[in-house]
>>> print(open('run.cif').read())   # mmCIF, C-alpha atoms and all ligand atoms
data_my_file
loop_
_atom_site.label_atom_id
_atom_site.label_comp_id
_atom_site.auth_asym_id
_atom_site.auth_seq_id
_atom_site.Cartn_x
_atom_site.Cartn_y
_atom_site.Cartn_z
CA MET A 24 14.22 34.62 -8.33
CA ALA A 25 12.48 33.49 -11.52
CA GLU A 26 10.38 36.18 -13.21
CA LEU A 27 6.91 34.72 -12.72
CA ASN A 28 3.53 36.10 -11.78
CA TRP A 29 3.31 34.30 -8.43
CA ASP A 30 -0.39 35.14 -8.11
CA ASP A 31 -1.32 33.40 -11.34
CA LEU A 32 0.53 30.10 -11.34
CA ALA A 33 -2.46 27.70 -11.33
CA PHE A 34 -1.54 23.99 -11.30
CA ARG A 35 0.35 23.26 -14.48
CA TYR A 36 3.77 22.26 -15.77
CA ARG A 37 6.42 24.94 -15.66
CA LYS A 38 10.07 24.16 -16.22
CA ALA A 39 12.34 24.79 -13.23
CA ASN A 40 16.18 24.52 -13.16
CA VAL A 41 16.85 20.82 -12.68
CA ILE A 42 15.37 17.43 -11.85
CA ILE A 43 16.95 14.94 -9.43
CA VAL A 44 17.50 11.41 -10.75
CA SER A 45 18.76 8.07 -9.47
CA TYR A 46 18.74 4.64 -11.13
CA TYR A 47 18.38 1.22 -9.53
CA LYS A 48 20.22 -1.72 -11.06
CA ASP A 49 21.71 -4.96 -9.68
CA GLY A 50 20.47 -4.19 -6.18
CA GLN A 51 21.99 -0.71 -5.96
CA TRP A 52 20.82 2.89 -6.34
CA SER A 53 23.16 5.29 -8.13
CA ALA A 54 24.08 8.53 -6.35
CA PRO A 55 21.28 11.05 -7.07
CA VAL A 56 22.25 13.75 -9.56
CA ALA A 57 20.74 17.13 -10.35
CA THR A 58 20.41 17.42 -14.10
CA LYS A 59 19.20 20.08 -16.54
CA ASP A 60 18.21 17.28 -18.89
CA PHE A 61 14.48 16.79 -18.24
CA ASP A 62 14.26 13.70 -20.49
CA PHE A 63 14.53 10.09 -19.40
CA HIS A 64 16.79 7.99 -21.63
CA PHE A 65 15.79 4.36 -21.71
CA SER A 66 14.48 1.70 -24.02
CA ALA A 67 11.10 1.89 -25.72
CA PHE A 68 10.77 -1.70 -24.44
CA ALA A 69 10.75 -0.45 -20.81
CA GLY A 70 7.88 -1.87 -18.73
CA VAL A 71 6.53 1.57 -17.91
CA PHE A 72 5.44 2.11 -21.53
CA HIS A 73 3.60 -1.17 -21.89
CA TYR A 74 2.45 -2.47 -18.52
CA ALA A 75 2.33 0.78 -16.48
CA ASN A 76 5.16 -0.29 -14.17
CA ALA A 77 5.01 3.08 -12.43
CA CYS A 78 3.97 4.81 -9.25
CA PHE A 79 4.37 8.37 -8.02
CA GLU A 80 3.84 10.86 -5.22
CA GLY A 81 2.86 14.50 -4.72
CA LEU A 82 3.93 16.81 -1.91
CA LYS A 83 4.69 20.48 -1.38
CA ALA A 84 7.41 22.85 -0.16
CA PHE A 85 6.51 26.29 1.21
CA ARG A 86 8.44 29.50 1.87
CA GLY A 87 7.18 30.60 5.28
CA VAL A 88 6.40 34.00 6.77
CA ASP A 89 9.69 33.59 8.71
CA GLY A 90 11.70 32.97 5.51
CA LYS A 91 12.21 29.29 6.37
CA VAL A 92 11.47 26.58 3.79
CA ARG A 93 9.19 23.76 4.93
CA LEU A 94 8.35 20.43 3.30
CA PHE A 95 5.01 19.07 4.50
CA ARG A 96 5.03 15.47 5.78
CA PRO A 97 7.51 14.03 3.22
CA ASP A 98 8.01 10.95 5.44
CA GLU A 99 4.39 9.98 4.73
CA ASN A 100 4.94 10.25 0.98
CA ALA A 101 8.11 8.16 1.24
CA LYS A 102 6.19 5.39 3.01
CA ARG A 103 3.29 5.53 0.56
CA LEU A 104 5.67 5.28 -2.41
CA GLN A 105 7.31 2.24 -0.83
CA ARG A 106 3.87 0.65 -0.40
CA SER A 107 2.94 1.36 -4.05
CA ALA A 108 6.28 0.04 -5.33
CA ALA A 109 5.94 -3.10 -3.19
CA HIS A 110 2.58 -3.79 -4.84
CA LEU A 111 4.27 -3.50 -8.25
CA ASP A 112 7.13 -5.69 -6.96
CA MET A 113 9.61 -2.95 -7.82
CA ALA A 114 12.50 -1.47 -5.84
CA ALA A 115 11.81 1.76 -3.95
CA PRO A 116 14.13 4.32 -2.34
CA SER A 117 14.60 4.31 1.43
CA GLU A 118 12.80 7.01 3.40
CA GLU A 119 16.15 8.77 3.85
CA MET A 120 16.97 8.72 0.15
CA PHE A 121 13.46 9.93 -0.73
CA LEU A 122 13.76 12.85 1.69
CA ASN A 123 17.27 13.78 0.56
CA MET A 124 16.22 13.87 -3.08
CA CYS A 125 13.17 16.03 -2.23
CA LEU A 126 15.38 18.45 -0.27
CA MET A 127 17.89 18.49 -3.12
CA CYS A 128 15.12 19.26 -5.61
CA VAL A 129 13.92 22.26 -3.60
CA LYS A 130 17.46 23.55 -2.98
CA GLU A 131 18.49 23.30 -6.63
CA ASN A 132 15.26 24.96 -7.80
CA LEU A 133 15.06 27.62 -5.09
CA ASP A 134 14.51 30.37 -7.70
CA PHE A 135 11.20 28.71 -8.47
CA LEU A 136 10.01 28.38 -4.87
CA PRO A 137 7.27 31.05 -4.65
CA PRO A 138 7.74 33.84 -2.12
CA TYR A 139 5.48 33.90 0.94
CA GLY A 140 2.11 35.59 0.57
CA HIS A 141 0.86 34.42 -2.83
CA ASN A 142 -0.90 31.22 -1.75
CA ALA A 143 1.66 29.42 -3.91
CA SER A 144 4.21 26.67 -3.29
CA MET A 145 6.54 24.26 -5.01
CA TYR A 146 4.84 21.00 -5.95
CA LEU A 147 7.20 18.02 -5.80
CA ARG A 148 6.46 15.03 -7.99
CA PRO A 149 8.54 11.95 -7.14
CA VAL A 150 8.14 9.33 -9.89
CA LEU A 151 9.30 5.73 -9.95
CA VAL A 152 9.30 3.96 -13.31
CA GLY A 153 10.44 0.55 -14.53
CA CYS A 154 13.07 1.10 -17.23
CA ASN A 155 14.74 -2.20 -18.26
CA PRO A 156 13.81 -3.53 -21.71
CA GLN A 157 11.33 -6.41 -21.56
CA LEU A 158 8.70 -8.11 -23.68
CA GLY A 159 6.80 -10.41 -21.33
CA ILE A 160 4.57 -9.10 -18.57
CA ALA A 161 6.85 -8.77 -15.56
CA SER A 162 7.80 -6.41 -12.79
CA SER A 163 10.74 -4.19 -13.70
CA THR A 164 14.13 -5.14 -12.32
CA GLU A 165 15.70 -1.78 -13.19
CA VAL A 166 14.06 1.39 -11.99
CA ALA A 167 14.44 5.15 -12.45
CA PHE A 168 13.48 7.36 -9.53
CA ALA A 169 13.23 11.10 -10.10
CA VAL A 170 12.03 14.03 -8.05
CA LEU A 171 10.58 16.81 -10.19
CA GLY A 172 9.52 20.24 -8.97
CA ALA A 173 7.30 23.02 -10.30
CA PRO A 174 5.88 26.21 -8.77
CA VAL A 175 2.09 26.02 -8.40
CA GLY A 176 -0.81 28.11 -7.19
CA THR A 177 -4.38 26.95 -6.69
CA TYR A 178 -5.59 24.07 -8.83
CA SER A 179 -7.78 25.96 -11.28
CA GLY A 180 -6.13 29.34 -10.92
CA ALA A 181 -9.29 30.52 -9.11
CA ALA A 182 -9.03 31.87 -5.58
CA GLY A 183 -8.63 29.11 -3.01
CA LEU A 184 -11.72 27.61 -1.37
CA THR A 185 -14.10 28.43 -4.23
CA PRO A 186 -16.87 25.80 -4.05
CA GLY A 187 -17.37 23.48 -7.01
CA THR A 188 -19.96 20.97 -8.15
CA ALA A 189 -19.57 17.19 -8.37
CA VAL A 190 -21.33 14.26 -10.01
CA LEU A 191 -21.51 10.62 -8.94
CA SER A 192 -19.84 8.09 -11.19
CA ARG A 193 -22.50 5.38 -11.50
CA ASN A 194 -21.25 3.74 -14.69
CA TYR A 195 -17.44 3.97 -14.31
CA ASP A 196 -15.13 2.75 -11.51
CA ARG A 197 -11.59 3.97 -10.82
CA ALA A 198 -10.60 0.70 -9.17
CA ALA A 199 -11.71 -2.92 -8.98
CA PRO A 200 -12.90 -4.68 -5.83
CA HIS A 201 -9.73 -6.09 -4.23
CA GLY A 202 -7.80 -4.13 -6.89
CA THR A 203 -5.27 -1.32 -6.79
CA GLY A 204 -7.36 1.66 -5.63
CA SER A 205 -5.37 2.15 -2.44
CA TYR A 206 -2.01 2.41 -4.25
CA LYS A 207 -0.74 5.52 -6.00
CA ILE A 208 0.08 3.71 -9.22
CA ALA A 209 -0.09 5.24 -12.69
CA ALA A 210 -2.62 2.70 -13.96
CA ASN A 211 -5.35 4.00 -11.63
CA TYR A 212 -5.18 7.42 -13.25
CA ALA A 213 -5.38 6.10 -16.79
CA THR A 214 -8.57 4.30 -15.76
CA SER A 215 -10.25 7.46 -14.51
CA LEU A 216 -9.27 9.80 -17.37
CA HIS A 217 -12.24 9.09 -19.63
CA PRO A 218 -15.00 9.47 -17.00
CA TYR A 219 -13.18 12.53 -15.65
CA ASN A 220 -13.18 14.11 -19.11
CA LEU A 221 -16.90 13.37 -19.43
CA ALA A 222 -17.63 15.00 -16.06
CA HIS A 223 -15.52 18.07 -16.93
CA LYS A 224 -17.24 18.46 -20.29
CA LEU A 225 -20.54 18.55 -18.40
CA GLY A 226 -19.16 21.39 -16.28
CA TYR A 227 -18.51 19.49 -13.04
CA ARG A 228 -15.36 20.22 -11.05
CA GLU A 229 -15.19 16.76 -9.44
CA LEU A 230 -16.21 13.18 -10.13
CA LEU A 231 -17.19 11.12 -7.09
CA PHE A 232 -16.56 7.38 -7.36
CA LEU A 233 -18.55 4.73 -5.48
CA ASP A 234 -17.33 1.44 -4.03
CA PRO A 235 -16.76 -0.77 -7.08
CA ALA A 236 -18.35 -3.91 -5.58
CA THR A 237 -21.84 -2.57 -4.80
CA HIS A 238 -22.03 1.06 -5.95
CA THR A 239 -23.91 1.89 -2.76
CA LYS A 240 -21.14 3.54 -0.74
CA ILE A 241 -18.99 6.61 -1.27
CA ASP A 242 -15.34 5.98 -2.11
CA GLU A 243 -13.46 9.09 -3.22
CA PHE A 244 -13.05 11.70 -5.93
CA GLY A 245 -10.76 11.01 -8.90
CA SER A 246 -7.73 12.68 -7.34
CA SER A 247 -8.81 13.49 -3.80
CA ASN A 248 -10.51 11.96 -0.76
CA PHE A 249 -14.06 12.68 0.41
CA LEU A 250 -14.79 14.26 3.77
CA ALA A 251 -17.97 15.64 5.27
CA ILE A 252 -19.03 17.55 8.36
CA LYS A 253 -22.16 16.47 10.20
CA GLY A 254 -22.74 18.37 13.44
CA ASN A 255 -19.70 17.82 15.62
CA THR A 256 -18.41 14.93 13.48
CA TYR A 257 -15.84 14.63 10.71
CA VAL A 258 -16.87 11.76 8.42
CA THR A 259 -14.65 10.09 5.82
CA PRO A 260 -15.12 6.74 4.02
CA LEU A 261 -13.45 3.57 5.18
CA SER A 262 -12.79 1.56 2.02
CA ASP A 263 -9.97 -0.58 0.73
CA SER A 264 -10.26 0.95 -2.74
CA VAL A 265 -9.50 4.52 -1.58
CA LEU A 266 -6.03 6.10 -1.65
CA PRO A 267 -4.86 6.83 1.92
CA SER A 268 -4.64 10.63 1.55
CA ILE A 269 -2.03 12.40 3.65
CA THR A 270 -4.17 15.55 3.63
CA ASN A 271 -7.13 13.57 4.95
CA LYS A 272 -4.95 12.11 7.70
CA THR A 273 -3.78 15.64 8.55
CA LEU A 274 -7.34 17.02 8.54
CA GLN A 275 -8.46 14.21 10.85
CA ALA A 276 -5.76 15.19 13.34
CA VAL A 277 -6.72 18.87 13.05
CA ALA A 278 -10.43 18.04 13.50
CA ALA A 279 -9.58 16.06 16.64
CA ASP A 280 -7.43 18.98 17.89
CA PHE A 281 -10.47 21.25 17.51
CA GLY A 282 -12.58 18.77 19.53
CA TYR A 283 -14.47 17.15 16.64
CA LYS A 284 -15.30 13.46 16.61
CA VAL A 285 -13.62 11.67 13.69
CA GLU A 286 -15.50 8.81 12.04
CA LYS A 287 -13.74 6.72 9.39
CA ARG A 288 -16.48 4.36 8.30
CA VAL A 289 -18.71 3.17 5.50
CA VAL A 290 -20.67 6.12 4.03
CA PRO A 291 -23.87 5.11 2.19
CA VAL A 292 -24.71 7.34 -0.81
CA GLU A 293 -28.03 8.41 0.75
CA GLU A 294 -26.17 9.89 3.73
CA LEU A 295 -25.17 12.76 1.41
CA ALA A 296 -28.58 14.22 2.35
CA GLU A 297 -27.42 14.58 5.96
CA PHE A 298 -24.11 16.43 5.54
CA GLU A 299 -23.70 20.14 6.21
CA GLU A 300 -20.32 20.50 4.53
CA VAL A 301 -18.64 18.31 1.92
CA ASN A 302 -15.10 18.65 0.58
CA ALA A 303 -12.59 16.98 -1.67
CA CYS A 304 -9.16 16.94 -0.01
CA GLY A 305 -5.64 16.48 -1.33
CA THR A 306 -2.16 17.98 -1.45
CA ALA A 307 -2.86 20.24 -4.43
CA VAL A 308 -5.35 22.49 -2.62
CA VAL A 309 -5.87 20.99 0.87
CA ILE A 310 -9.66 21.19 0.39
CA THR A 311 -12.11 21.97 -2.41
CA PRO A 312 -15.55 22.72 -0.98
CA ILE A 313 -18.29 20.86 -2.84
CA CYS A 314 -21.63 22.69 -2.95
CA SER A 315 -23.63 20.01 -4.77
CA VAL A 316 -23.49 16.39 -5.93
CA ASP A 317 -25.69 15.26 -8.82
CA ASP A 318 -26.73 11.63 -8.99
CA LYS A 319 -26.99 10.64 -12.67
CA GLU A 320 -27.90 7.23 -14.04
CA THR A 321 -24.95 7.50 -16.42
CA LEU A 322 -22.44 10.24 -17.16
CA GLU A 323 -23.49 10.19 -20.81
CA GLY A 324 -27.26 10.30 -20.17
CA ASN A 325 -29.49 13.26 -19.38
CA THR A 326 -31.30 11.96 -16.30
CA ILE A 327 -30.35 13.54 -12.99
CA THR A 328 -32.22 11.47 -10.41
CA LYS A 329 -31.26 13.59 -7.40
CA THR A 330 -29.17 16.61 -6.41
CA TYR A 331 -27.64 16.86 -2.94
CA ARG A 332 -26.72 20.39 -1.80
CA PHE A 333 -24.35 21.53 0.93
CA GLY A 334 -24.05 25.09 2.24
CA SER A 335 -23.56 28.03 -0.06
CA PRO A 336 -22.31 27.85 -3.65
CA GLU A 337 -20.24 30.98 -2.93
CA HIS A 338 -18.47 30.14 0.32
CA CYS A 339 -16.61 27.32 1.97
CA GLY A 340 -18.35 25.90 5.06
CA PRO A 341 -17.16 27.48 8.34
CA VAL A 342 -15.86 24.26 9.91
CA SER A 343 -13.95 23.22 6.79
CA GLU A 344 -12.48 26.72 6.49
CA LYS A 345 -11.28 26.58 10.10
CA PHE A 346 -9.46 23.28 9.42
CA TYR A 347 -8.04 24.61 6.14
CA LYS A 348 -6.63 27.72 7.82
CA ARG A 349 -4.94 25.68 10.53
CA ILE A 350 -3.14 23.50 7.96
CA ARG A 351 -2.14 26.39 5.69
CA GLY A 352 -1.02 28.30 8.79
CA ILE A 353 1.30 25.46 9.80
CA GLN A 354 2.65 25.16 6.25
CA ASP A 355 3.33 28.93 6.13
CA GLY A 356 4.92 29.09 9.58
CA LEU A 357 2.05 31.20 10.96
CA GLU A 358 0.83 28.54 13.40
CA GLU A 359 2.68 26.24 15.74
CA ASP A 360 3.48 22.84 14.21
CA THR A 361 2.52 20.85 17.31
CA HIS A 362 2.56 17.51 15.44
CA ASN A 363 6.02 18.13 13.91
CA TRP A 364 4.70 17.70 10.39
CA CYS A 365 7.15 20.07 8.69
CA VAL A 366 10.69 19.21 7.61
CA PHE A 367 12.99 22.21 7.15
CA LEU A 368 15.38 22.71 4.25
C1 LIG B 401 -6.93 9.17 -5.98
C2 LIG B 401 -6.42 10.16 -4.99
N1 LIG B 401 -7.03 10.25 -3.80
C3 LIG B 401 -6.61 11.11 -2.86
C4 LIG B 401 -5.53 11.95 -3.08
C5 LIG B 401 -5.09 12.89 -2.01
O1 LIG B 401 -3.94 12.41 -1.40
P1 LIG B 401 -2.93 13.39 -0.68
O2 LIG B 401 -3.71 14.10 0.37
O3 LIG B 401 -1.88 12.52 -0.11
O4 LIG B 401 -2.43 14.32 -1.72
C6 LIG B 401 -4.88 11.90 -4.30
C7 LIG B 401 -3.71 12.76 -4.57
O5 LIG B 401 -2.63 12.37 -4.27
C8 LIG B 401 -5.31 10.98 -5.29
O6 LIG B 401 -4.71 10.91 -6.47
#
>>> encode(input="run.cif", output="structure tokens", more="lines below")
Ligand SMILES: Cc1ncc(COP(=O)(O)O)c(C=O)c1O
Amino acid sequence: MAELNWDDLAFRYRKANVIIVSYYKDGQWSAPVATKDFDFHFSAFAGVFHYANACFEGLKAFRGVDGKVRLFRPDENAKRLQRSAAHLDMAAPSEEMFLNMCLMCVKENLDFLPPYGHNASMYLRPVLVGCNPQLGIASSTEVAFAVLGAPVGTYSGAAGLTPGTAVLSRNYDRAAPHGTGSYKIAANYATSLHPYNLAHKLGYRELLFLDPATHTKIDEFGSSNFLAIKGNTYVTPLSDSVLPSITNKTLQAVAADFGYKVEKRVVPVEELAEFEEVNACGTAVVITPICSVDDKETLEGNTITKTYRFGSPEHCGPVSEKFYKRIRGIQDGLEEDTHNWCVFL
């Protein structure tokens, strides 16, 4: 095993043994190889550098209490990558190839897969980038697909489920109406970097984007979906500019298993006043409890027009915590995987 402090990994780059790479050219994928060379070698004229011909994924592998290694819902990531690549008009690996390369990445980097009991895992980052030289704006005809892996703990290094604050993004959008918000393409993240930096400088953990057409409805956080608990109901926004989060889909199934009503619908901003628990959800941490949302006229200005508060600033809400524990339990092999979400190494 690698000599790492498994309790203090946070969510940052750490070099493992190898990356897994395959190239697409003339209608064919090359056989995936495990390589110690972590650099891509292709032309500076590649589309990815100029026109953001790129999409990616994020998923996790866990070492369970029973010693078995589980990948969580990789089939969903494979399908989402195919959908993103199709929107960029680029080739994408088959579901089988995607899964095999993820399994290969975990196997070849097993020394870096955290042991059970540290709330840590291996984050897998499949990336698909256009690599043929080009000058005009065009979809890439040659593509590199790589699966990268790194051991990670909780996002900030803080204990899991520590509540954070959020602010509404009134004067920046992460996606356009009828744009690319529902695809996991690199360009979306470039768009949200500046407002995210502004929010972080102000001390907020999360930035909450509104629907870009009217700015009256909740969309999602910069890198996670929005979900709220209202009585016996799980509420999450229905919007075509939101990324279809696999964690959100999983939480919806768990909520239904626990007997909660699941509502995927338009969420007006003012409804924030009616929620008992609010969370950001995504692969990196499953959920981040949000204890308050400030409504500011602009991120740069000083005027906070309203603050919405949910539960305690110290603790995760009880319903959200129950859902979180069920998912983490399944990932760690502590709870029965009744939906067959896990794929074993
Ligand atoms: C914009 C955005 N929304 C939501 C999510 C959460 O998706 P998932 O649960 O599949 O990680 C992510 C992270 O992938 C994201 O980048």
>>> residues_around(input="run.cif", residues="range 252-269 of chain A", least_positions_apart="5", cutoff="6 Å", atoms="all atoms listed in the file", output="list in words")
Gly204, Ser205, Tyr283, Lys284, Val285, Glu286, Lys287, Arg288, Val289, Val290, Phe298, Glu299 and Glu300 of chain A
>>> residues_around(input="run.cif", residues="range 89-102 of chain A", least_positions_apart="6", cutoff="9 Å", atoms="all atoms listed in the file", output="NGL selection string")
:A and (80-83 or 116-122 or 125-126 or 129 or 136 or 138-139 or 269 or 354-357 or 363-368)
>>> write_last_selection(input="run.cif", atoms="C-alpha atoms", output="mmCIF file, in the coordinates of the input")
data_model
loop_
_atom_site.group_PDB
_atom_site.id
_atom_site.type_symbol
_atom_site.label_atom_id
_atom_site.label_comp_id
_atom_site.auth_asym_id
_atom_site.auth_seq_id
_atom_site.Cartn_x
_atom_site.Cartn_y
_atom_site.Cartn_z
ATOM 1 C CA GLU A 80 3.840 10.860 -5.220
ATOM 2 C CA GLY A 81 2.860 14.500 -4.720
ATOM 3 C CA LEU A 82 3.930 16.810 -1.910
ATOM 4 C CA LYS A 83 4.690 20.480 -1.380
ATOM 5 C CA PRO A 116 14.130 4.320 -2.340
ATOM 6 C CA SER A 117 14.600 4.310 1.430
ATOM 7 C CA GLU A 118 12.800 7.010 3.400
ATOM 8 C CA GLU A 119 16.150 8.770 3.850
ATOM 9 C CA MET A 120 16.970 8.720 0.150
ATOM 10 C CA PHE A 121 13.460 9.930 -0.730
ATOM 11 C CA LEU A 122 13.760 12.850 1.690
ATOM 12 C CA CYS A 125 13.170 16.030 -2.230
ATOM 13 C CA LEU A 126 15.380 18.450 -0.270
ATOM 14 C CA VAL A 129 13.920 22.260 -3.600
ATOM 15 C CA LEU A 136 10.010 28.380 -4.870
ATOM 16 C CA PRO A 138 7.740 33.840 -2.120
ATOM 17 C CA TYR A 139 5.480 33.900 0.940
ATOM 18 C CA ILE A 269 -2.030 12.400 3.650
ATOM 19 C CA GLN A 354 2.650 25.160 6.250
ATOM 20 C CA ASP A 355 3.330 28.930 6.130
ATOM 21 C CA GLY A 356 4.920 29.090 9.580
ATOM 22 C CA LEU A 357 2.050 31.200 10.960
ATOM 23 C CA ASN A 363 6.020 18.130 13.910
ATOM 24 C CA TRP A 364 4.700 17.700 10.390
ATOM 25 C CA CYS A 365 7.150 20.070 8.690
ATOM 26 C CA VAL A 366 10.690 19.210 7.610
ATOM 27 C CA PHE A 367 12.990 22.210 7.150
ATOM 28 C CA LEU A 368 15.380 22.710 4.250
#
>>> closest_residue(input="run.cif", among="A:Tyr195, A:Phe346, A:Tyr206, A:Phe65", to="His110 in chain A", atoms="only C-alpha atoms")
A:Tyr206
>>> residues_around(input="run.cif", residues="Met127 in chain A", least_positions_apart="5", cutoff="12 Å", atoms="only C-alpha atoms", output="list in words")
Asn40, Val41, Ile42, Ile43, Val44, Pro55, Val56, Ala57, Thr58, Ala84, Leu94, Met120, Phe121, Leu122, Asn132, Leu133, Leu147, Ala169, Val170, Leu171, Gly172, Phe367 and Leu368 of chain A
>>> atom_distance(input="run.cif", atom1="CA of Phe249 in chain A", atom2="CA of Asn302 in chain A")
6.1 Å
>>> residues_around(input="run.cif", residues="Ala307 in chain A", least_positions_apart="3", cutoff="9 Å", atoms="only C-alpha atoms", output="PyMOL selection string")
chain A and resi 34+81-83+146+175-178+304+310
>>> write_last_selection(input="run.cif", atoms="C-alpha atoms", output="mmCIF file, in the frame of the given file")
data_model
loop_
_atom_site.group_PDB
_atom_site.id
_atom_site.type_symbol
_atom_site.label_atom_id
_atom_site.label_comp_id
_atom_site.auth_asym_id
_atom_site.auth_seq_id
_atom_site.Cartn_x
_atom_site.Cartn_y
_atom_site.Cartn_z
ATOM 1 C CA PHE A 34 -1.540 23.990 -11.300
ATOM 2 C CA GLY A 81 2.860 14.500 -4.720
ATOM 3 C CA LEU A 82 3.930 16.810 -1.910
ATOM 4 C CA LYS A 83 4.690 20.480 -1.380
ATOM 5 C CA TYR A 146 4.840 21.000 -5.950
ATOM 6 C CA VAL A 175 2.090 26.020 -8.400
ATOM 7 C CA GLY A 176 -0.810 28.110 -7.190
ATOM 8 C CA THR A 177 -4.380 26.950 -6.690
ATOM 9 C CA TYR A 178 -5.590 24.070 -8.830
ATOM 10 C CA CYS A 304 -9.160 16.940 -0.010
ATOM 11 C CA ILE A 310 -9.660 21.190 0.390
#
>>> atom_distance(input="run.cif", atom1="CA of Val308 in chain A", atom2="CA of Arg106 in chain A")
23.8 Å
>>> atom_distance(input="run.cif", atom1="CA of Cys314 in chain A", atom2="atom C1 of ligand LIG 401 (chain B)")
20.2 Å
